[in-house]
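Asker: Structure incoming, see below.
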Amino acid sequence: MSSKDWLEKDFYAVLGVDKAASADDIKKAYRKVARESHPDHNPGDPKAEERFKAASEAYNVLSDAGRRREYDEMRSLFGSGAFRRGARAGGQPGGMPFDVSDLFGGGGAGAGDRRFGGAGFQDLFSSIFSGGSAGGQAAPRGPARGRDVETEVALDFGDAVRGVTLPLTLRAPGVCDTCHGNGAKPGTQPRTCPVCHGAGVTTRNQGSFSFSEPCRNCQGVGTVVEEKCPECHGSGGVTKTRTLNVRFPAGVADGQRIRLAGRGEPGERGGPAGDLFVHVKVRPDELFGRTGDDLTLTVPVTFTEAVLGTDLRVPTLDGAVTLRVPPGTPSGRVLRARGKGVVRRDGQAGDLLVTLDVVVPARVSDEARAALEAFAEQTPPAAREHLDARVRRVG
Ligand SMILES: [Zn+2]
Ligand SMILES: [Zn+2]
C-alpha cells in the first residue's frame with residue numbers, strides 16, 4: 001500500500017474509533033464492523049462487501065503497533081501541511097487539530113458539508129508527493145503571492161519593428177494606503193476573531209469525529225474589523241491606477257506576450273508581487289507586411305518595365321533603396337533588399353522582400369494599341385501546347 005493511500009484513508013473512521021483508541025478497542029471495533037458487514041450476512045450487497053474489505057485493511061494497519069505509529073505520523077504531518085495550504089489562515093498555533101479525512105469525507109457522516117472538493121485535495125497531495133523529498137515535508141508557505149495581471153496593448157507597425165517604450169496605464173486591485181491592507185479604520189486594529197480565536201477555522205464534534213470548516217465569523221481570516229477603514233470599507237484593497245513604462249523590444253510581433261516579472265498585483269501581507277503579462281497587438285501598416293523578421297512590400301510595375309528592366313526606388317521603414325529589376329523579369333518575382341527588415345535581438349536584420357506585380361492596363365490609347373499589335377506580330381505564341389493537347393482530348 002502506498003503512502004498516498006494512507007493519506008486518503010481514515011482507518012479510525014472506518015472502524016468507528018477514536019485516534020486514541022486502545023489496541024483492545026480497535027480489535028473490538030473491527031470485530032463488530034466485520035460481523036455487520038460480512039458478505040455471508042449480506043449476500044449481494046456491494047456496499048457491505050466494500051465496508052468489510054475496508055475494515056480488514058484498516059485493522060491490518062492499526063493492529064500493528066509499528067505500522068499504526070507510521071500511519072499516525074504521516075497523517076499528522078500532512079494534515080497540518082494541507083491545512084495551511086488549503087485554508088490559508090496563517091496562524092494556526094502549533095498547527096494541528098485538523099483531520100485530512102474530514103476533507104476526503106472518509107468518515108461518512110456529514111460528507112455533504114465538505115467545503116473543499118475531495119478531488120482538489122487529492123491533486124494537492126499528488127503534487128506534494130511528486131515534489132520529491134522522501135519525508136514529503138511541504139515547504140513552509142510564505143504570504144500569498146500577488147495575482148498575475150494581463151493587459152493588452154496595440155502598437156504601431158513601425159514601433160513594433162523598431163522597438164518602443166510606452167507608458168501603460170493599469171487599473172488593478174492594490175493594497176489600501178489608508179489602512180495598509182488590514183481593513184481597520186486608522187488608529188484602530190483588527191481584533192482576533194472571538195469565535196475561532198484567530199485560527200480561521202472552527203471545529204465541530206459529532207460523535208467521535210471532528211469536522212473543521214472555515215470560520216463563518218471572520219471568513220477564515222482569523223481577525224475581525226470593528227471600525228472599518230473609510231477608504232476600502234474594510235476590505236483592505238482598493239482599485240488603483242498605475243502607470244508603468246514598458247519597453248517593447250525591437251521586432252515584437254502581433255500576438256506575442258511579454259512578461260514583466262513582479263509588475264502584477266502586490267502580494268498579500270508583504271508577499272511577492274505577481275507578474276504582468278502584456279498581450280501585443282500590432283496595427284497593420286498601409287504599405288508593409290511582415291513575415292517573421294522579413295518585411296514585405298508589393299510594387300506594381302508595367303509590362304515594359306518587366307520586359308526591358310529598370311531601377312526601382314522603393315521605400316523601406318527607414319529611408320528608400322534602389323532595386324534593380326533585370327530585363328525579362330516575370331510578374332510575381334520577389335526581389336530582396338538585404339538587411340532592410342526587422343532588426344533582431346542579436347543585431348542581425350531580416351530583409352525587405354519586394355514582390356513585383358505586373359499591371360495590365362484596363363485601357364490603352366490608339367497609339368499604344370497600334371504599338372502593341374506590332375509587338376504581338378513579333379512575339380512567339382505563349383507556350384501552351386500542353387494545354388492545347390488536353391483541350392483536343394477532352395473537348
Ligand atoms: Zn474566526
Ligand atoms: Zn483601507
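Simple scheme: letters A, B, ... for chains in C-alpha cells order, numbers from 1 for residues in each chain, numbers from 1 for ligands in the order shown.
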Report as an mmCIF file with all heavy atoms, in the first residue's frame which protein, DNA and RNA residues come within 12 Å of ligand 2, using only C-alpha atoms and all ligand atoms.
Answerer:
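Saved the output as part-v4.cif:
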data_model
loop_
_atom_site.group_PDB
_atom_site.id
_atom_site.type_symbol
_atom_site.label_atom_id
_atom_site.label_comp_id
_atom_site.auth_asym_id
_atom_site.auth_seq_id
_atom_site.Cartn_x
_atom_site.Cartn_y
_atom_site.Cartn_z
ATOM 1 N N GLY A 174 -5.203 46.954 -5.547
ATOM 2 C CA GLY A 174 -3.957 47.151 -4.818
ATOM 3 C C GLY A 174 -4.264 47.282 -3.341
ATOM 4 O O GLY A 174 -5.418 47.287 -2.924
ATOM 5 N N VAL A 175 -3.208 47.365 -2.563
ATOM 6 C CA VAL A 175 -3.385 47.472 -1.119
ATOM 7 C C VAL A 175 -3.827 48.891 -0.765
ATOM 8 O O VAL A 175 -3.294 49.868 -1.271
ATOM 9 C CB VAL A 175 -2.068 47.130 -0.396
ATOM 10 C CG1 VAL A 175 -2.205 47.344 1.097
ATOM 11 C CG2 VAL A 175 -1.667 45.700 -0.695
ATOM 12 N N CYS A 176 -4.820 48.993 0.101
ATOM 13 C CA CYS A 176 -5.331 50.296 0.525
ATOM 14 C C CYS A 176 -4.253 51.048 1.308
ATOM 15 O O CYS A 176 -3.663 50.509 2.245
ATOM 16 C CB CYS A 176 -6.559 50.069 1.407
ATOM 17 S SG CYS A 176 -7.170 51.572 2.169
ATOM 18 N N ASP A 177 -3.981 52.282 0.903
ATOM 19 C CA ASP A 177 -2.934 53.059 1.566
ATOM 20 C C ASP A 177 -3.380 53.579 2.925
ATOM 21 O O ASP A 177 -2.559 53.845 3.793
ATOM 22 C CB ASP A 177 -2.529 54.254 0.685
ATOM 23 C CG ASP A 177 -1.750 53.804 -0.534
ATOM 24 O OD1 ASP A 177 -0.994 52.817 -0.407
ATOM 25 O OD2 ASP A 177 -1.913 54.425 -1.603
ATOM 26 N N THR A 178 -4.683 53.752 3.083
ATOM 27 C CA THR A 178 -5.174 54.333 4.333
ATOM 28 C C THR A 178 -4.985 53.376 5.506
ATOM 29 O O THR A 178 -4.562 53.764 6.582
ATOM 30 C CB THR A 178 -6.663 54.700 4.182
ATOM 31 O OG1 THR A 178 -6.780 55.567 3.052
ATOM 32 C CG2 THR A 178 -7.179 55.412 5.421
ATOM 33 N N CYS A 179 -5.284 52.088 5.285
ATOM 34 C CA CYS A 179 -5.194 51.121 6.391
ATOM 35 C C CYS A 179 -4.060 50.125 6.168
ATOM 36 O O CYS A 179 -3.896 49.199 6.941
ATOM 37 C CB CYS A 179 -6.514 50.377 6.540
ATOM 38 S SG CYS A 179 -6.914 49.379 5.086
ATOM 39 N N HIS A 180 -3.291 50.287 5.122
ATOM 40 C CA HIS A 180 -2.203 49.372 4.765
ATOM 41 C C HIS A 180 -2.694 47.940 4.645
ATOM 42 O O HIS A 180 -1.971 47.001 4.947
ATOM 43 C CB HIS A 180 -1.054 49.475 5.769
ATOM 44 C CG HIS A 180 -0.577 50.897 5.924
ATOM 45 N ND1 HIS A 180 0.098 51.560 4.918
ATOM 46 C CD2 HIS A 180 -0.737 51.776 6.935
ATOM 47 C CE1 HIS A 180 0.343 52.800 5.316
ATOM 48 N NE2 HIS A 180 -0.158 52.958 6.523
ATOM 49 N N GLY A 181 -3.948 47.821 4.265
ATOM 50 C CA GLY A 181 -4.440 46.486 3.924
ATOM 51 C C GLY A 181 -5.122 45.728 5.049
ATOM 52 O O GLY A 181 -5.665 44.659 4.807
ATOM 53 N N ASN A 182 -5.091 46.250 6.282
ATOM 54 C CA ASN A 182 -5.742 45.452 7.321
ATOM 55 C C ASN A 182 -7.232 45.747 7.458
ATOM 56 O O ASN A 182 -7.944 45.066 8.199
ATOM 57 C CB ASN A 182 -5.007 45.542 8.672
ATOM 58 C CG ASN A 182 -5.134 46.915 9.316
ATOM 59 O OD1 ASN A 182 -5.993 47.708 8.940
ATOM 60 N ND2 ASN A 182 -4.277 47.190 10.281
ATOM 61 N N GLY A 183 -7.722 46.733 6.744
ATOM 62 C CA GLY A 183 -9.155 46.982 6.693
ATOM 63 C C GLY A 183 -9.705 47.770 7.869
ATOM 64 O O GLY A 183 -10.896 48.097 7.906
ATOM 65 N N ALA A 184 -8.851 48.082 8.851
ATOM 66 C CA ALA A 184 -9.335 48.774 10.053
ATOM 67 C C ALA A 184 -9.156 50.288 9.907
ATOM 68 O O ALA A 184 -8.227 50.759 9.262
ATOM 69 C CB ALA A 184 -8.576 48.285 11.281
ATOM 70 N N LYS A 185 -10.088 51.040 10.502
ATOM 71 C CA LYS A 185 -10.011 52.497 10.494
ATOM 72 C C LYS A 185 -8.673 52.917 11.124
ATOM 73 O O LYS A 185 -8.251 52.322 12.130
ATOM 74 C CB LYS A 185 -11.169 53.033 11.330
ATOM 75 C CG LYS A 185 -11.318 54.530 11.295
ATOM 76 C CD LYS A 185 -12.575 54.898 12.046
ATOM 77 C CE LYS A 185 -12.494 56.318 12.573
ATOM 78 N NZ LYS A 185 -13.607 56.620 13.460
ATOM 79 N N PRO A 186 -7.981 53.909 10.538
ATOM 80 C CA PRO A 186 -6.698 54.335 11.108
ATOM 81 C C PRO A 186 -6.841 54.642 12.600
ATOM 82 O O PRO A 186 -7.820 55.254 13.015
ATOM 83 C CB PRO A 186 -6.353 55.588 10.309
ATOM 84 C CG PRO A 186 -7.049 55.397 9.003
ATOM 85 C CD PRO A 186 -8.313 54.647 9.317
ATOM 86 N N GLY A 187 -5.893 54.170 13.381
ATOM 87 C CA GLY A 187 -5.969 54.345 14.826
ATOM 88 C C GLY A 187 -6.582 53.149 15.533
ATOM 89 O O GLY A 187 -6.480 53.032 16.743
ATOM 90 N N THR A 188 -7.234 52.260 14.762
ATOM 91 C CA THR A 188 -7.779 51.036 15.370
ATOM 92 C C THR A 188 -7.049 49.849 14.773
ATOM 93 O O THR A 188 -6.323 49.982 13.792
ATOM 94 C CB THR A 188 -9.289 50.887 15.104
ATOM 95 O OG1 THR A 188 -9.481 50.543 13.711
ATOM 96 C CG2 THR A 188 -10.041 52.179 15.405
ATOM 97 N N GLN A 189 -7.242 48.697 15.372
ATOM 98 C CA GLN A 189 -6.575 47.480 14.910
ATOM 99 C C GLN A 189 -7.618 46.383 14.732
ATOM 100 O O GLN A 189 -8.601 46.359 15.473
ATOM 101 C CB GLN A 189 -5.549 47.003 15.949
ATOM 102 C CG GLN A 189 -4.247 47.796 15.975
ATOM 103 C CD GLN A 189 -3.438 47.626 14.694
ATOM 104 O OE1 GLN A 189 -3.381 46.543 14.128
ATOM 105 N NE2 GLN A 189 -2.844 48.709 14.215
ATOM 106 N N PRO A 190 -7.412 45.494 13.780
ATOM 107 C CA PRO A 190 -8.306 44.345 13.721
ATOM 108 C C PRO A 190 -8.133 43.511 15.001
ATOM 109 O O PRO A 190 -7.047 43.484 15.568
ATOM 110 C CB PRO A 190 -7.815 43.546 12.514
ATOM 111 C CG PRO A 190 -6.880 44.444 11.790
ATOM 112 C CD PRO A 190 -6.346 45.424 12.772
ATOM 113 N N VAL A 225 -12.689 43.102 11.871
ATOM 114 C CA VAL A 225 -12.503 44.550 11.901
ATOM 115 C C VAL A 225 -13.765 45.171 12.487
ATOM 116 O O VAL A 225 -14.857 44.926 11.987
ATOM 117 C CB VAL A 225 -12.262 45.072 10.472
ATOM 118 C CG1 VAL A 225 -12.269 46.581 10.452
ATOM 119 C CG2 VAL A 225 -10.956 44.525 9.929
ATOM 120 N N GLU A 227 -14.114 48.762 13.440
ATOM 121 C CA GLU A 227 -14.350 50.051 12.777
ATOM 122 C C GLU A 227 -13.669 49.992 11.426
ATOM 123 O O GLU A 227 -12.444 49.926 11.331
ATOM 124 C CB GLU A 227 -13.773 51.188 13.632
ATOM 125 C CG GLU A 227 -14.542 51.376 14.921
ATOM 126 C CD GLU A 227 -14.046 52.617 15.665
ATOM 127 O OE1 GLU A 227 -14.404 53.730 15.257
ATOM 128 O OE2 GLU A 227 -13.273 52.435 16.615
ATOM 129 N N LYS A 228 -14.480 50.000 10.391
ATOM 130 C CA LYS A 228 -13.934 49.769 9.060
ATOM 131 C C LYS A 228 -13.194 50.982 8.524
ATOM 132 O O LYS A 228 -13.571 52.130 8.800
ATOM 133 C CB LYS A 228 -15.065 49.411 8.099
ATOM 134 C CG LYS A 228 -15.671 48.060 8.421
ATOM 135 C CD LYS A 228 -16.706 47.686 7.384
ATOM 136 C CE LYS A 228 -16.901 46.205 7.375
ATOM 137 N NZ LYS A 228 -18.019 45.620 7.908
ATOM 138 N N CYS A 229 -12.159 50.730 7.760
ATOM 139 C CA CYS A 229 -11.413 51.789 7.075
ATOM 140 C C CYS A 229 -12.364 52.504 6.119
ATOM 141 O O CYS A 229 -13.067 51.849 5.338
ATOM 142 C CB CYS A 229 -10.255 51.160 6.314
ATOM 143 S SG CYS A 229 -9.517 52.228 5.085
ATOM 144 N N PRO A 230 -12.424 53.835 6.163
ATOM 145 C CA PRO A 230 -13.378 54.551 5.302
ATOM 146 C C PRO A 230 -13.002 54.457 3.821
ATOM 147 O O PRO A 230 -13.869 54.593 2.955
ATOM 148 C CB PRO A 230 -13.286 55.998 5.801
ATOM 149 C CG PRO A 230 -11.949 56.098 6.453
ATOM 150 C CD PRO A 230 -11.634 54.734 7.004
ATOM 151 N N GLU A 231 -11.749 54.199 3.540
ATOM 152 C CA GLU A 231 -11.293 54.189 2.148
ATOM 153 C C GLU A 231 -11.710 52.900 1.426
ATOM 154 O O GLU A 231 -12.247 52.931 0.342
ATOM 155 C CB GLU A 231 -9.769 54.346 2.121
ATOM 156 C CG GLU A 231 -9.165 54.439 0.735
ATOM 157 C CD GLU A 231 -9.532 55.720 0.010
ATOM 158 O OE1 GLU A 231 -9.754 56.743 0.706
ATOM 159 O OE2 GLU A 231 -9.620 55.692 -1.237
ATOM 160 N N CYS A 232 -11.456 51.782 2.067
ATOM 161 C CA CYS A 232 -11.694 50.497 1.403
ATOM 162 C C CYS A 232 -12.889 49.759 1.999
ATOM 163 O O CYS A 232 -13.173 48.639 1.605
ATOM 164 C CB CYS A 232 -10.450 49.627 1.504
ATOM 165 S SG CYS A 232 -10.029 49.192 3.190
ATOM 166 N N HIS A 233 -13.567 50.374 2.956
ATOM 167 C CA HIS A 233 -14.736 49.776 3.612
ATOM 168 C C HIS A 233 -14.419 48.423 4.237
ATOM 169 O O HIS A 233 -15.232 47.514 4.218
ATOM 170 C CB HIS A 233 -15.906 49.659 2.635
ATOM 171 C CG HIS A 233 -16.186 50.958 1.934
ATOM 172 N ND1 HIS A 233 -16.697 52.059 2.580
ATOM 173 C CD2 HIS A 233 -15.955 51.340 0.663
ATOM 174 C CE1 HIS A 233 -16.784 53.053 1.720
ATOM 175 N NE2 HIS A 233 -16.341 52.652 0.555
ATOM 176 N N GLY A 234 -13.189 48.289 4.715
ATOM 177 C CA GLY A 234 -12.837 47.101 5.478
ATOM 178 C C GLY A 234 -12.230 45.980 4.658
ATOM 179 O O GLY A 234 -11.757 44.996 5.214
ATOM 180 N N SER A 235 -12.220 46.121 3.344
ATOM 181 C CA SER A 235 -11.696 45.013 2.533
ATOM 182 C C SER A 235 -10.168 45.006 2.508
ATOM 183 O O SER A 235 -9.551 43.986 2.222
ATOM 184 C CB SER A 235 -12.229 45.112 1.107
ATOM 185 O OG SER A 235 -11.630 46.212 0.456
ATOM 186 N N GLY A 236 -9.558 46.151 2.776
ATOM 187 C CA GLY A 236 -8.096 46.224 2.740
ATOM 188 C C GLY A 236 -7.545 46.452 1.338
ATOM 189 O O GLY A 236 -6.353 46.649 1.159
ATOM 190 N N GLY A 237 -8.426 46.397 0.333
ATOM 191 C CA GLY A 237 -7.968 46.580 -1.034
ATOM 192 C C GLY A 237 -8.744 47.682 -1.734
ATOM 193 O O GLY A 237 -9.897 47.937 -1.402
ATOM 194 N N VAL A 238 -8.102 48.345 -2.658
ATOM 195 C CA VAL A 238 -8.774 49.363 -3.456
ATOM 196 C C VAL A 238 -8.334 49.184 -4.906
ATOM 197 O O VAL A 238 -7.319 48.546 -5.179
ATOM 198 C CB VAL A 238 -8.394 50.797 -3.007
ATOM 199 C CG1 VAL A 238 -8.999 51.124 -1.652
ATOM 200 C CG2 VAL A 238 -6.892 50.976 -2.982
ATOM 201 N N THR A 239 -9.116 49.739 -5.812
ATOM 202 C CA THR A 239 -8.697 49.705 -7.206
ATOM 203 C C THR A 239 -7.737 50.860 -7.438
ATOM 204 O O THR A 239 -8.040 52.001 -7.125
ATOM 205 C CB THR A 239 -9.909 49.843 -8.132
ATOM 206 O OG1 THR A 239 -10.787 48.762 -7.860
ATOM 207 C CG2 THR A 239 -9.486 49.781 -9.583
#
Asker: Using only C-alpha atoms and all ligand atoms, find each residue of chain A with at least one atom at most 12 Å away from an atom of ligand 1; report its shortest atom-to-atom pair and that distance in Å (one decimal), sort the rows by chain and rising residue number, and return the result as a Markdown table.
Answerer:
| residue | atom | partner | partner_atom_place_in_ligand_line | distance |
| --- | --- | --- | --- | --- |
| A:Ala89 | CA | ligand 1 | 1 (Zn) | 9.8 |
| A:Gly91 | CA | ligand 1 | 1 (Zn) | 11.6 |
| A:Gln92 | CA | ligand 1 | 1 (Zn) | 11.6 |
| A:Pro190 | CA | ligand 1 | 1 (Zn) | 11.9 |
| A:Arg191 | CA | ligand 1 | 1 (Zn) | 10.1 |
| A:Thr192 | CA | ligand 1 | 1 (Zn) | 7.7 |
| A:Cys193 | CA | ligand 1 | 1 (Zn) | 4.5 |
| A:Pro194 | CA | ligand 1 | 1 (Zn) | 6.5 |
| A:Val195 | CA | ligand 1 | 1 (Zn) | 5.0 |
| A:Cys196 | CA | ligand 1 | 1 (Zn) | 4.1 |
| A:His197 | CA | ligand 1 | 1 (Zn) | 6.3 |
| A:Gly198 | CA | ligand 1 | 1 (Zn) | 5.9 |
| A:Ala199 | CA | ligand 1 | 1 (Zn) | 6.7 |
| A:Gly200 | CA | ligand 1 | 1 (Zn) | 4.8 |
| A:Val201 | CA | ligand 1 | 1 (Zn) | 6.4 |
| A:Thr202 | CA | ligand 1 | 1 (Zn) | 7.4 |
| A:Thr203 | CA | ligand 1 | 1 (Zn) | 11.1 |
| A:Glu213 | CA | ligand 1 | 1 (Zn) | 10.4 |
| A:Pro214 | CA | ligand 1 | 1 (Zn) | 7.7 |
| A:Cys215 | CA | ligand 1 | 1 (Zn) | 4.5 |
| A:Arg216 | CA | ligand 1 | 1 (Zn) | 6.4 |
| A:Asn217 | CA | ligand 1 | 1 (Zn) | 4.9 |
| A:Cys218 | CA | ligand 1 | 1 (Zn) | 4.1 |
| A:Gln219 | CA | ligand 1 | 1 (Zn) | 6.6 |
| A:Gly220 | CA | ligand 1 | 1 (Zn) | 5.8 |
| A:Val221 | CA | ligand 1 | 1 (Zn) | 6.6 |
| A:Gly222 | CA | ligand 1 | 1 (Zn) | 4.6 |
| A:Thr223 | CA | ligand 1 | 1 (Zn) | 6.3 |
| A:Val224 | CA | ligand 1 | 1 (Zn) | 7.4 |
| A:Val225 | CA | ligand 1 | 1 (Zn) | 11.2 |
Asker: Tell me, as JSON, numbers by chain, which residues lie within 12 Å of Arg35 of chain A, counting only C-alpha atoms; anything in the same chain fewer than 2 positions away does not count.
Answerer: {"A": [15, 28, 29, 30, 31, 32, 33, 37, 38, 39, 40, 41, 42, 48, 49, 51, 52, 53, 55, 56]}
Asker: Pick out the closest residue to Gly163 of chain A from this set: A:Phe209, A:Phe248, A:Tyr59, A:Tyr12. Count only C-alpha atoms.
Answerer: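 With only C-alpha atoms as the atom set, the closest residue is A:Phe248.
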Asker: Which residue out of A:Gly347, A:Val354, A:Val17, A:Ala306 has the minimum interatomic distance to Thr322 of chain A when only C-alpha atoms are used?
Answerer: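 Of A:Gly347, A:Val354, A:Val17, A:Ala306, the one nearest Thr322 of chain A is A:Val354, counting only C-alpha atoms.
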Asker: Restricting the calculation to only C-alpha atoms: of A:Leu62, A:Ala13, A:Ile26, A:Val161, which residue gets closest to Val342 of chain A?
Answerer: A:Val161
Asker: Can you write out as CSV which residues of segment 313-371 of chain A fall within 9 Å of segment 275-296 of chain A, alongside each residue's closest atom pair and its distance in Å to one decimal, counting only C-alpha atoms and ordering rows by chain and ascending residue number?
Answerer:
residue,atom,partner,partner_atom,distance
A:Thr316,CA,A:Phe288,CA,8.5
A:Leu317,CA,A:Phe288,CA,8.3
A:Gly339,CA,A:Asp294,CA,8.8
A:Lys340,CA,A:Leu295,CA,7.7
A:Gly341,CA,A:Asp294,CA,4.8
A:Val342,CA,A:Asp293,CA,4.9
A:Val343,CA,A:Asp293,CA,7.3
A:Arg344,CA,A:Asp293,CA,7.2
A:Ala349,CA,A:Asp293,CA,7.1
A:Gly350,CA,A:Asp293,CA,4.7
A:Asp351,CA,A:Asp294,CA,4.8
A:Leu352,CA,A:Leu295,CA,4.7
A:Leu353,CA,A:Thr296,CA,4.8
A:Val354,CA,A:Thr296,CA,6.0
A:Thr355,CA,A:Thr296,CA,7.6
Asker: So which bits of segment 130-308 of chain A end up strand (DSSP E) when you DSSP the backbone, as a ChimeraX atom specification?
Answerer: /A:149-155,164-175,191-192,201-206,209-214,223-224,237-248,257-260,276-282,289-291,294-302
Asker: One decimal, in Å: what's the spacing between atom CA of Pro330 of chain A and atom CA of Thr302 of chain A?
Answerer: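 Computing the Euclidean distance for atom CA of Pro330 of chain A and atom CA of Thr302 of chain A yields 11.0 Å.
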Asker: So how many Å separate atom CA of Gly264 of chain A and atom CA of Gly146 of chain A, to one decimal?
Answerer: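 Separation of atom CA of Gly264 of chain A and atom CA of Gly146 of chain A: 6.9 Å.
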Asker: Suppose you want the space between atom CA of Thr151 of chain A and atom CA of Asp346 of chain A; what is it in Å?
Answerer: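 Distance between the two atoms: 27.7 Å.
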Asker: Between A:Leu335, A:Leu372, A:Val299, A:Leu323, which one has atoms that come closest to Val359 of chain A, using only C-alpha atoms?
Answerer: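 Nearest candidate to Val359 of chain A out of A:Leu335, A:Leu372, A:Val299, A:Leu323: A:Val299.
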Asker: Got a sec: who's within 6 Å of Arg162 of chain A, counting only C-alpha atoms, leaving out chain neighbours fewer than 2 positions off, as number ranges by chain?
Answerer: A: 159-160, 250
Asker: Just the selected residues (N, CA, C and O atoms), exported as a PDB file, in the first residue's frame, please.
Answerer:
ATOM      1  N   ASP A 159       6.674  50.973 -34.713  1.00  0.00           N
ATOM      2  CA  ASP A 159       7.130  50.884 -33.320  1.00  0.00           C
ATOM      3  C   ASP A 159       7.462  49.439 -32.963  1.00  0.00           C
ATOM      4  O   ASP A 159       8.433  49.171 -32.250  1.00  0.00           O
ATOM      5  N   ALA A 160       6.633  48.523 -33.456  1.00  0.00           N
ATOM      6  CA  ALA A 160       6.868  47.114 -33.144  1.00  0.00           C
ATOM      7  C   ALA A 160       8.164  46.642 -33.796  1.00  0.00           C
ATOM      8  O   ALA A 160       8.925  45.877 -33.213  1.00  0.00           O
ATOM      9  N   ALA A 250      12.635  45.608 -30.003  1.00  0.00           N
ATOM     10  CA  ALA A 250      12.539  45.668 -31.457  1.00  0.00           C
ATOM     11  C   ALA A 250      12.117  44.307 -31.983  1.00  0.00           C
ATOM     12  O   ALA A 250      12.600  43.283 -31.512  1.00  0.00           O
TER      13      ALA A 250
END
Asker: Using only C-alpha atoms, which protein or nucleic acid residues come within 12 Å of Pro361 of chain A? Drop anything in the same chain fewer than 5 positions from it, and give the result as a list in words.
Answerer: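 Within the cut-off, the hits are Pro300, Val301, Thr302, Phe303, Thr304, Ala368 and Arg369 of chain A.
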Asker: Emit the selected residues as an mmCIF file, in the first residue's frame, including N, CA, C and O atoms.
Answerer:
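Written file, out23.cif:
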data_model
loop_
_atom_site.group_PDB
_atom_site.id
_atom_site.type_symbol
_atom_site.label_atom_id
_atom_site.label_comp_id
_atom_site.auth_asym_id
_atom_site.auth_seq_id
_atom_site.Cartn_x
_atom_site.Cartn_y
_atom_site.Cartn_z
ATOM 1 N N PRO A 300 3.876 47.596 -57.914
ATOM 2 C CA PRO A 300 3.368 47.429 -59.271
ATOM 3 C C PRO A 300 4.421 47.893 -60.285
ATOM 4 O O PRO A 300 5.086 48.907 -60.065
ATOM 5 N N VAL A 301 4.589 47.131 -61.371
ATOM 6 C CA VAL A 301 5.469 47.553 -62.470
ATOM 7 C C VAL A 301 4.707 47.371 -63.776
ATOM 8 O O VAL A 301 3.775 46.573 -63.856
ATOM 9 N N THR A 302 5.117 48.129 -64.779
ATOM 10 C CA THR A 302 4.468 47.973 -66.075
ATOM 11 C C THR A 302 5.079 46.779 -66.794
ATOM 12 O O THR A 302 6.165 46.294 -66.449
ATOM 13 N N PHE A 303 4.356 46.366 -67.840
ATOM 14 C CA PHE A 303 4.833 45.260 -68.653
ATOM 15 C C PHE A 303 6.198 45.602 -69.261
ATOM 16 O O PHE A 303 7.114 44.788 -69.245
ATOM 17 N N THR A 304 6.334 46.822 -69.741
ATOM 18 C CA THR A 304 7.598 47.177 -70.383
ATOM 19 C C THR A 304 8.738 47.252 -69.371
ATOM 20 O O THR A 304 9.866 46.871 -69.672
ATOM 21 N N ALA A 368 -0.983 53.328 -78.449
ATOM 22 C CA ALA A 368 -0.459 52.189 -77.693
ATOM 23 C C ALA A 368 -0.976 50.887 -78.267
ATOM 24 O O ALA A 368 -0.230 49.907 -78.407
ATOM 25 N N ARG A 369 -2.263 50.882 -78.665
ATOM 26 C CA ARG A 369 -2.840 49.672 -79.232
ATOM 27 C C ARG A 369 -2.094 49.274 -80.510
ATOM 28 O O ARG A 369 -1.721 48.109 -80.677
#
